[in-house]
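Structure file work-v6.cif (mmCIF, C-alpha atoms) is printed below.
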```cif
data_work
#
loop_
_atom_site.label_atom_id
_atom_site.label_comp_id
_atom_site.auth_asym_id
_atom_site.auth_seq_id
_atom_site.Cartn_x
_atom_site.Cartn_y
_atom_site.Cartn_z
CA MET A 1 0.00 0.00 0.00
CA GLU A 2 1.32 3.43 -0.97
CA ARG A 3 -0.09 6.77 0.22
CA TYR A 4 0.76 10.11 -1.34
CA PHE A 5 -0.63 13.55 -2.16
CA ILE A 6 -1.54 15.32 -5.38
CA LYS A 7 -2.63 18.95 -5.81
CA ILE A 8 -6.00 19.87 -7.35
CA ARG A 9 -6.92 23.57 -7.51
CA ASP A 10 -4.14 24.36 -5.03
CA LYS A 11 -5.53 21.94 -2.43
CA LYS A 12 -3.90 18.67 -1.41
CA VAL A 13 -5.69 15.40 -2.07
CA ARG A 14 -4.54 12.18 -0.43
CA VAL A 15 -4.35 9.08 -2.60
CA THR A 16 -4.00 5.46 -1.46
CA GLU A 17 -2.86 2.91 -4.01
CA TRP A 18 -2.33 -0.85 -4.24
CA GLY A 19 -1.04 -3.07 -7.07
CA GLU A 20 1.15 -2.68 -10.13
CA GLN A 21 0.88 0.21 -12.58
CA SER A 22 0.56 -2.24 -15.48
CA HIS A 23 -2.69 -3.70 -14.12
CA PRO A 24 -6.19 -2.50 -15.06
CA VAL A 25 -7.29 0.33 -12.78
CA ILE A 26 -10.14 0.26 -10.28
CA PHE A 27 -10.84 3.76 -8.98
CA CYS A 28 -12.62 3.85 -5.61
CA LEU A 29 -14.73 6.58 -4.05
CA HIS A 30 -15.89 6.18 -0.44
CA GLY A 31 -19.07 7.24 1.31
CA LEU A 32 -19.83 10.24 3.49
CA GLY A 33 -17.58 10.29 6.55
CA SER A 34 -15.15 7.63 5.36
CA THR A 35 -11.67 7.70 3.76
CA SER A 36 -9.71 5.95 1.05
CA LEU A 37 -9.03 3.04 3.43
CA SER A 38 -12.73 2.15 3.31
CA PHE A 39 -11.75 -0.25 0.51
CA ILE A 40 -8.67 -1.73 2.20
CA GLU A 41 -9.81 -5.35 2.34
CA ILE A 42 -11.11 -5.30 -1.23
CA ALA A 43 -7.80 -3.82 -2.43
CA GLU A 44 -5.69 -6.30 -0.49
CA ALA A 45 -7.59 -9.17 -2.10
CA LEU A 46 -7.33 -7.79 -5.65
CA GLN A 47 -3.92 -6.07 -5.68
CA ASN A 48 -2.29 -8.87 -7.70
CA GLU A 49 -4.91 -8.48 -10.43
CA TYR A 50 -5.72 -4.76 -10.46
CA ARG A 51 -4.18 -1.41 -9.67
CA ILE A 52 -6.54 -0.01 -7.06
CA ILE A 53 -6.58 3.75 -6.54
CA SER A 54 -8.65 5.27 -3.75
CA ILE A 55 -8.81 8.88 -2.60
CA ASP A 56 -9.85 10.80 0.48
CA ALA A 57 -12.73 12.94 -0.81
CA PRO A 58 -12.71 16.69 -0.06
CA GLY A 59 -13.11 17.36 3.65
CA HIS A 60 -12.31 13.73 4.51
CA GLY A 61 -9.14 12.15 5.87
CA GLN A 62 -6.21 14.30 4.85
CA THR A 63 -7.82 15.89 1.79
CA GLU A 64 -8.55 19.56 2.35
CA PRO A 65 -12.21 20.66 2.34
CA PHE A 66 -13.69 22.86 -0.34
CA ASP A 67 -13.99 26.56 0.41
CA GLU A 68 -17.55 26.89 -0.89
CA GLU A 69 -20.51 24.62 -0.12
CA GLU A 70 -21.59 24.65 -3.77
CA GLU A 71 -18.41 22.80 -4.73
CA TYR A 72 -19.87 19.65 -3.14
CA GLU A 73 -22.81 19.64 -5.54
CA MET A 74 -22.90 16.61 -7.81
CA LYS A 75 -22.01 18.13 -11.16
CA ALA A 76 -19.24 20.17 -9.55
CA MET A 77 -17.91 17.03 -7.84
CA ALA A 78 -17.88 15.19 -11.16
CA ARG A 79 -15.82 17.98 -12.74
CA TRP A 80 -13.45 17.97 -9.76
CA LEU A 81 -13.02 14.19 -10.04
CA LYS A 82 -12.18 14.57 -13.72
CA LYS A 83 -9.27 16.80 -12.71
CA VAL A 84 -8.15 14.16 -10.20
CA HIS A 85 -8.16 11.51 -12.91
CA GLN A 86 -6.27 13.76 -15.29
CA GLU A 87 -3.64 14.46 -12.62
CA LEU A 88 -3.32 10.70 -12.03
CA GLU A 89 -3.16 10.16 -15.82
CA LEU A 90 -6.07 7.72 -15.79
CA GLU A 91 -7.42 7.30 -19.29
CA LYS A 92 -9.73 4.33 -18.66
CA PHE A 93 -10.78 2.73 -15.37
CA TYR A 94 -13.39 0.70 -13.54
CA PHE A 95 -15.39 2.65 -10.95
CA LEU A 96 -16.07 1.12 -7.51
CA SER A 97 -18.04 3.35 -5.14
CA HIS A 98 -19.88 3.19 -1.83
CA SER A 99 -22.88 5.12 -0.49
CA TRP A 100 -22.50 8.88 -1.24
CA GLY A 101 -19.56 8.00 -3.47
CA SER A 102 -22.00 6.12 -5.70
CA PHE A 103 -24.19 9.21 -6.04
CA VAL A 104 -21.13 11.11 -7.30
CA ALA A 105 -20.09 8.17 -9.48
CA LEU A 106 -23.41 8.17 -11.33
CA PHE A 107 -23.07 11.87 -12.14
CA TYR A 108 -19.51 11.20 -13.28
CA VAL A 109 -20.58 8.32 -15.55
CA ASP A 110 -23.28 10.54 -17.01
CA ALA A 111 -20.82 13.36 -17.72
CA PHE A 112 -17.80 11.31 -18.84
CA PRO A 113 -19.08 7.90 -20.03
CA ASP A 114 -16.21 7.16 -22.40
CA VAL A 115 -13.55 6.79 -19.70
CA VAL A 116 -15.47 4.40 -17.39
CA LEU A 117 -15.11 0.74 -18.33
CA GLY A 118 -17.71 -0.39 -15.80
CA SER A 119 -19.28 0.62 -12.50
CA ILE A 120 -20.16 -1.26 -9.33
CA LEU A 121 -22.19 0.57 -6.69
CA LEU A 122 -21.94 -0.63 -3.10
CA ASP A 123 -25.31 0.17 -1.52
CA GLY A 124 -25.34 3.66 -2.96
CA GLY A 125 -26.79 5.86 -5.68
CA TYR A 126 -30.29 4.35 -5.61
CA GLN A 127 -31.64 5.84 -2.36
CA THR A 128 -33.30 8.81 -3.98
CA LYS A 129 -33.95 11.59 -1.47
CA ARG A 130 -37.20 12.34 -3.27
CA LEU A 131 -38.72 9.19 -1.78
CA GLY A 132 -37.02 9.50 1.61
CA ASN A 133 -38.63 10.17 4.97
CA GLN A 134 -36.47 13.13 6.04
CA THR A 135 -36.46 16.73 4.88
CA VAL A 136 -33.14 18.28 3.93
CA GLU A 137 -33.26 20.40 7.11
CA GLU A 138 -33.81 17.37 9.33
CA GLU A 139 -31.00 15.37 7.73
CA VAL A 140 -28.56 18.29 7.78
CA ALA A 141 -29.25 18.91 11.46
CA PHE A 142 -28.61 15.24 12.27
CA TYR A 143 -25.27 15.08 10.46
CA GLU A 144 -24.04 18.44 11.75
CA LYS A 145 -24.59 17.27 15.32
CA ASP A 146 -23.34 13.71 14.75
CA PHE A 147 -20.06 14.72 13.08
CA GLU A 148 -19.17 17.16 15.86
CA GLU A 149 -19.61 14.82 18.81
CA SER A 150 -16.60 13.41 20.69
CA LEU A 151 -15.78 10.24 22.62
CA GLU A 152 -13.49 9.82 25.60
CA SER A 153 -11.34 6.86 24.52
CA TRP A 154 -10.02 5.08 21.46
CA GLU A 155 -11.78 1.81 22.29
CA THR A 156 -15.08 3.65 22.75
CA PHE A 157 -14.55 5.37 19.41
CA LEU A 158 -14.05 1.98 17.75
CA ASP A 159 -17.11 0.48 19.45
CA VAL A 160 -19.46 3.43 18.90
CA ALA A 161 -18.26 5.29 15.81
CA VAL A 162 -16.41 2.76 13.64
CA PHE A 163 -18.04 -0.64 14.14
CA ALA A 164 -21.72 -1.41 14.50
CA PRO A 165 -22.70 -3.78 17.34
CA GLY A 166 -21.79 -7.34 16.37
CA ALA A 167 -20.00 -6.28 13.18
CA ARG A 168 -16.99 -8.29 12.03
CA ARG A 169 -13.57 -6.81 12.71
CA SER A 170 -10.12 -7.39 11.29
CA ASN A 171 -6.66 -5.86 11.55
CA SER A 172 -7.18 -4.12 8.22
CA LEU A 173 -10.52 -2.64 9.30
CA ARG A 174 -8.95 -1.42 12.54
CA LEU A 175 -6.35 0.37 10.42
CA ALA A 176 -9.20 1.93 8.45
CA GLY A 177 -10.69 2.95 11.80
CA VAL A 178 -7.51 4.83 12.73
CA ASP A 179 -8.00 6.84 9.55
CA LEU A 180 -11.42 7.95 10.79
CA ALA A 181 -10.29 9.47 14.09
CA LEU A 182 -9.24 13.00 14.92
CA LYS A 183 -7.76 13.40 18.42
CA GLU A 184 -7.87 16.77 20.13
CA ASN A 185 -7.46 17.59 23.82
CA GLY A 186 -7.59 13.92 24.74
CA LYS A 187 -10.91 13.31 22.97
CA PHE A 188 -11.67 11.46 19.74
CA TYR A 189 -13.69 13.18 17.02
CA TRP A 190 -14.87 12.07 13.59
CA HIS A 191 -12.27 13.25 11.06
CA ALA A 192 -14.83 14.84 8.71
CA ARG A 193 -16.54 17.89 10.17
CA GLY A 194 -20.20 18.83 10.38
CA ARG A 195 -19.83 21.57 7.78
CA THR A 196 -18.63 19.05 5.19
CA ALA A 197 -21.39 16.58 6.02
CA ALA A 198 -24.07 19.28 5.81
CA ALA A 199 -22.86 20.46 2.39
CA ILE A 200 -22.89 16.90 1.04
CA VAL A 201 -26.38 16.18 2.36
CA ARG A 202 -27.70 19.37 0.77
CA ALA A 203 -26.06 18.38 -2.52
CA MET A 204 -27.72 14.94 -2.50
CA HIS A 205 -31.11 16.57 -1.96
CA LYS A 206 -30.53 19.16 -4.68
CA ASP A 207 -29.14 16.87 -7.40
CA GLU A 208 -31.22 13.70 -7.75
CA THR A 209 -29.61 10.61 -9.29
CA ALA A 210 -33.11 9.51 -10.30
CA ASP A 211 -33.09 12.26 -12.94
CA LEU A 212 -30.14 10.50 -14.61
CA TYR A 213 -31.43 6.93 -14.61
CA HIS A 214 -32.71 6.96 -18.17
CA ARG A 215 -29.31 8.16 -19.47
CA LEU A 216 -27.08 5.73 -17.58
CA PRO A 217 -25.44 2.64 -19.14
CA SER A 218 -27.18 -0.66 -18.44
CA ASP A 219 -23.93 -2.44 -17.46
CA LEU A 220 -24.07 -0.96 -13.94
CA LEU A 221 -24.10 -3.41 -11.04
CA LEU A 222 -25.72 -2.41 -7.75
CA LEU A 223 -24.89 -4.60 -4.74
CA ARG A 224 -27.58 -3.87 -2.17
CA ALA A 225 -27.54 -4.26 1.62
CA THR A 226 -30.31 -6.24 3.33
CA GLN A 227 -29.92 -5.23 6.99
CA PRO A 228 -31.50 -3.91 9.15
CA GLU A 229 -34.78 -5.51 8.20
CA HIS A 230 -36.93 -2.48 9.02
CA MET A 231 -35.33 -0.64 6.08
CA GLU A 232 -36.03 -3.41 3.55
CA GLU A 233 -39.34 -2.06 2.27
CA GLN A 234 -37.78 1.29 1.37
CA ARG A 235 -34.66 -0.32 -0.09
CA LYS A 236 -36.68 -2.67 -2.28
CA LYS A 237 -38.83 0.21 -3.50
CA THR A 238 -35.96 2.48 -4.55
CA ALA A 239 -33.82 -0.38 -5.89
CA SER A 240 -36.72 -1.56 -8.05
CA ILE A 241 -37.08 1.91 -9.57
CA PHE A 242 -33.32 2.05 -10.19
CA GLU A 243 -33.32 -1.38 -11.85
CA LYS A 244 -36.33 -0.66 -14.05
CA GLU A 245 -35.22 2.77 -15.27
CA THR A 246 -31.50 2.02 -15.80
CA GLY A 247 -31.71 -1.59 -16.93
CA ALA A 248 -28.88 -2.30 -14.49
CA LYS A 249 -28.45 -5.48 -12.49
CA VAL A 250 -29.34 -5.29 -8.79
CA VAL A 251 -28.12 -8.00 -6.41
CA ASP A 252 -29.24 -8.32 -2.78
CA VAL A 253 -26.30 -9.45 -0.63
CA PRO A 254 -27.65 -11.42 2.37
CA GLY A 255 -26.54 -10.53 5.86
CA THR A 256 -25.05 -7.15 5.00
CA SER A 257 -25.54 -3.70 6.46
CA HIS A 258 -24.87 -0.43 4.65
CA MET A 259 -21.13 -1.17 5.19
CA ILE A 260 -21.60 -4.04 2.78
CA HIS A 261 -17.92 -4.30 1.81
CA TRP A 262 -16.87 -4.53 5.48
CA ASP A 263 -19.49 -7.18 6.28
CA ARG A 264 -18.84 -9.50 3.33
CA PRO A 265 -15.61 -8.48 1.56
CA GLU A 266 -15.15 -11.92 0.00
CA ARG A 267 -18.53 -11.67 -1.71
CA ILE A 268 -17.76 -8.20 -3.05
CA VAL A 269 -14.43 -9.42 -4.42
CA GLN A 270 -16.23 -12.31 -6.10
CA TYR A 271 -18.71 -9.97 -7.78
CA ILE A 272 -15.88 -7.71 -8.96
CA ARG A 273 -14.04 -10.64 -10.52
CA ASN A 274 -17.19 -11.94 -12.16
CA GLN A 275 -18.16 -8.52 -13.51
CA TRP A 276 -14.77 -7.29 -14.74
CA SER A 277 -12.68 -10.40 -15.42
#
```
Output the structure of this file as structure tokens.
Amino acid sequence: MERYFIKIRDKKVRVTEWGEQSHPVIFCLHGLGSTSLSFIEIAEALQNEYRIISIDAPGHGQTEPFDEEEEYEMKAMARWLKKVHQELELEKFYFLSHSWGSFVALFYVDAFPDVVLGSILLDGGYQTKRLGNQTVEEEVAFYEKDFEESLESWETFLDVAVFAPGARRSNSLRLAGVDLALKENGKFYWHARGRTAAAIVRAMHKDETADLYHRLPSDLLLLRATQPEHMEEQRKKTASIFEKETGAKVVDVPGTSHMIHWDRPERIVQYIRNQWS
């Protein structure tokens, strides 16, 4: 694993990379509140077959936040990502994304379809806010508060902020957990701040992926979480709309939460190999 920085619009962006430069490229974009190490177990399993490149998104990890809230809007994010890919000299790549990263990925595929060889969405991009049960104000208020809270110890941070109750753990995921922590005055905070989270939530409400469905390529693969059960009705509803209007394949992955690639990394690796071999 190699970690380094590039400069985009005079701001540093942290990149994490696995594999040989001669291999086909999988570009990874994490979800809200995560970092490039979100994909660590997937990358470790595939690094002898692919060159995996993952970034800390703006305002996450060690990538500097945007100055203006509007820069987090979907079309602006797609243009920013294009500059990242140009700086990394990526001409063609496969796109692997999770959660909010999949929302951005769909706008990127719509804007720059010729450079994306294929896309796999990890429980993201299909949860249209239009059919959600929260207003933008309610969701912004939740994330602003949540991302500013602190915990007293590292173990508590792991138990409360990083891992869900009963979730599987590994040495690699603990390393990813270290990436998520910001320590100040003896307390542990989430690395991404409330201002960043609020801007991203507003962007997802403003720019609806559902408006792109009819223009997207049908070779998309959505791997969908199935836990907790009380969310299944809503998931099935929005995934069915996504599948019908895009023509994409949707696969339910049993026993997985929203952190689908942390719960069942071996299954995700299998789907990647089957889809892109």
Exercise. Could you name the residues that touch A:Glu243 at 12 Å or less, counting all atoms listed in the file, but leaving out those on the same chain fewer than 3 positions away, as a ChimeraX atom specification?
Worked result: /A:125-126,210,213-214,216-224,235-240,246-251
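Distances from A:Glu44, A:Pro65, A:Lys12, A:Ser36 to A:Glu87 were compared using only C-alpha atoms, and the smallest one belongs to A:Lys12.
Among A:Thr209, A:Gln21, A:Thr226, A:Gln270, the residue with the shortest atom-to-atom distance to A:Tyr50, counting all atoms listed in the file, is A:Gln21.
Considering all atoms listed in the file, the residue among A:Gly166, A:Gly118, A:Gly31, A:Gly255 positioned nearest to A:Gly61 is A:Gly31.
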Exercise. Do you know which residues the PyMOL selection byres ((chain A and resi 225) around 12) returns on this file, as a ChimeraX atom specification?
Worked result: /A:98-99,121-124,126-127,222-224,226-229,231-232,234-236,239,250-264,268
Only C-alpha atoms, please: the residues just picked out, written as a PDB file, in the frame of the given file.
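What follows is the written file selection_11.pdb:
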```
ATOM      1  CA  HIS A  98     -19.880   3.190  -1.830  1.00  0.00           C
ATOM      2  CA  SER A  99     -22.880   5.120  -0.490  1.00  0.00           C
ATOM      3  CA  LEU A 121     -22.190   0.570  -6.690  1.00  0.00           C
ATOM      4  CA  LEU A 122     -21.940  -0.630  -3.100  1.00  0.00           C
ATOM      5  CA  ASP A 123     -25.310   0.170  -1.520  1.00  0.00           C
ATOM      6  CA  GLY A 124     -25.340   3.660  -2.960  1.00  0.00           C
ATOM      7  CA  TYR A 126     -30.290   4.350  -5.610  1.00  0.00           C
ATOM      8  CA  GLN A 127     -31.640   5.840  -2.360  1.00  0.00           C
ATOM      9  CA  LEU A 222     -25.720  -2.410  -7.750  1.00  0.00           C
ATOM     10  CA  LEU A 223     -24.890  -4.600  -4.740  1.00  0.00           C
ATOM     11  CA  ARG A 224     -27.580  -3.870  -2.170  1.00  0.00           C
ATOM     12  CA  THR A 226     -30.310  -6.240   3.330  1.00  0.00           C
ATOM     13  CA  GLN A 227     -29.920  -5.230   6.990  1.00  0.00           C
ATOM     14  CA  PRO A 228     -31.500  -3.910   9.150  1.00  0.00           C
ATOM     15  CA  GLU A 229     -34.780  -5.510   8.200  1.00  0.00           C
ATOM     16  CA  MET A 231     -35.330  -0.640   6.080  1.00  0.00           C
ATOM     17  CA  GLU A 232     -36.030  -3.410   3.550  1.00  0.00           C
ATOM     18  CA  GLN A 234     -37.780   1.290   1.370  1.00  0.00           C
ATOM     19  CA  ARG A 235     -34.660  -0.320  -0.090  1.00  0.00           C
ATOM     20  CA  LYS A 236     -36.680  -2.670  -2.280  1.00  0.00           C
ATOM     21  CA  ALA A 239     -33.820  -0.380  -5.890  1.00  0.00           C
ATOM     22  CA  VAL A 250     -29.340  -5.290  -8.790  1.00  0.00           C
ATOM     23  CA  VAL A 251     -28.120  -8.000  -6.410  1.00  0.00           C
ATOM     24  CA  ASP A 252     -29.240  -8.320  -2.780  1.00  0.00           C
ATOM     25  CA  VAL A 253     -26.300  -9.450  -0.630  1.00  0.00           C
ATOM     26  CA  PRO A 254     -27.650 -11.420   2.370  1.00  0.00           C
ATOM     27  CA  GLY A 255     -26.540 -10.530   5.860  1.00  0.00           C
ATOM     28  CA  THR A 256     -25.050  -7.150   5.000  1.00  0.00           C
ATOM     29  CA  SER A 257     -25.540  -3.700   6.460  1.00  0.00           C
ATOM     30  CA  HIS A 258     -24.870  -0.430   4.650  1.00  0.00           C
ATOM     31  CA  MET A 259     -21.130  -1.170   5.190  1.00  0.00           C
ATOM     32  CA  ILE A 260     -21.600  -4.040   2.780  1.00  0.00           C
ATOM     33  CA  HIS A 261     -17.920  -4.300   1.810  1.00  0.00           C
ATOM     34  CA  TRP A 262     -16.870  -4.530   5.480  1.00  0.00           C
ATOM     35  CA  ASP A 263     -19.490  -7.180   6.280  1.00  0.00           C
ATOM     36  CA  ARG A 264     -18.840  -9.500   3.330  1.00  0.00           C
ATOM     37  CA  ILE A 268     -17.760  -8.200  -3.050  1.00  0.00           C
TER      38      ILE A 268
END
```
Can you tell me, as a tab-separated table (two decimals) with C-alpha atoms, in the coordinates of the input, what residues are no more than 9 Å from A:Glu70 when counting all atoms listed in the file, ignoring any on the same chain fewer than 5 positions away?
```tsv
chain	number	residue	atom	x	y	z
A	76	ALA	CA	-19.24	20.17	-9.55
A	199	ALA	CA	-22.86	20.46	2.39
A	203	ALA	CA	-26.06	18.38	-2.52
```
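Every residue that the PyMOL selection byres ((chain A and resi 155) around 12) selects in this file is listed here: Leu151, Glu152, Ser153, Trp154, Thr156, Phe157, Leu158, Asp159, Val160, Ala161, Val162, Phe163, Arg174, Gly177, Val178, Ala181, Lys187 and Phe188 of chain A.
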For this session: Evaluate the PyMOL selection byres ((chain A and resi 193) around 8) on the structure here and hand back the selected residues as a PyMOL selection string.
Result: chain A and resi 59+144+147-148+190-192+194-197
Please produce a file of those selected residues containing C-alpha atoms, as a PDB file, in the frame of the given file.
```pdb
ATOM      1  CA  GLY A  59     -13.110  17.360   3.650  1.00  0.00           C
ATOM      2  CA  GLU A 144     -24.040  18.440  11.750  1.00  0.00           C
ATOM      3  CA  PHE A 147     -20.060  14.720  13.080  1.00  0.00           C
ATOM      4  CA  GLU A 148     -19.170  17.160  15.860  1.00  0.00           C
ATOM      5  CA  TRP A 190     -14.870  12.070  13.590  1.00  0.00           C
ATOM      6  CA  HIS A 191     -12.270  13.250  11.060  1.00  0.00           C
ATOM      7  CA  ALA A 192     -14.830  14.840   8.710  1.00  0.00           C
ATOM      8  CA  GLY A 194     -20.200  18.830  10.380  1.00  0.00           C
ATOM      9  CA  ARG A 195     -19.830  21.570   7.780  1.00  0.00           C
ATOM     10  CA  THR A 196     -18.630  19.050   5.190  1.00  0.00           C
ATOM     11  CA  ALA A 197     -21.390  16.580   6.020  1.00  0.00           C
TER      12      ALA A 197
END
```
For this session: Tell me which protein, DNA and RNA residues are within 12 Å of A:Cys28, counting all atoms listed in the file, leaving out same-chain ones fewer than 4 positions away, and put them as number ranges by chain.
Result: A: 15-18, 34-40, 42-43, 51-57, 81, 85, 93-102, 104-105, 119-122
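Considering the residues A:Asp179, A:Leu46, A:Glu266, A:His205 and counting all atoms listed in the file, A:Thr135 has its shortest atom-to-atom contact with A:His205.
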Problem set entry | Contact residues around A:Glu138 with only C-alpha atoms at 12 Å, ignoring same-chain residues under 5 positions, as a PyMOL selection string | chain A and resi 132-133+143-145+198+201-202+205
For this session: Go through A:Lys11, A:Arg3, A:Phe103, A:Glu41 one by one, measure the shortest atom-to-atom distance of each to A:Leu175 using all atoms listed in the file, and give the residue with the smallest value.
Result: A:Glu41
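Nearest-residue note for A:Met77: choosing from A:Phe242, A:Phe112, A:Phe5, A:Phe107, the minimum distance belongs to A:Phe107, counting only C-alpha atoms.
The coordinates place atom CA of A:Met204 at 10.8 Å from atom CA of A:Val140.
Taking atom CA of A:Arg9 as the reference point, atom CA of A:Val115 is found at 21.8 Å.
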Kindly provide, as lines of an AutoDock Vina configuration file, the centre and edge lengths (Å, one decimal) of an axis-aligned box around all atoms of stretch 247-261 of chain A given in the file, with 8 Å on each side.
```
center_x = -24.8
center_y = -5.9
center_z = -5.2
size_x = 29.8
size_y = 27.0
size_z = 39.4
```
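Taking atom CA of A:Leu32 as the reference point, atom CA of A:Asp146 is found at 12.3 Å.
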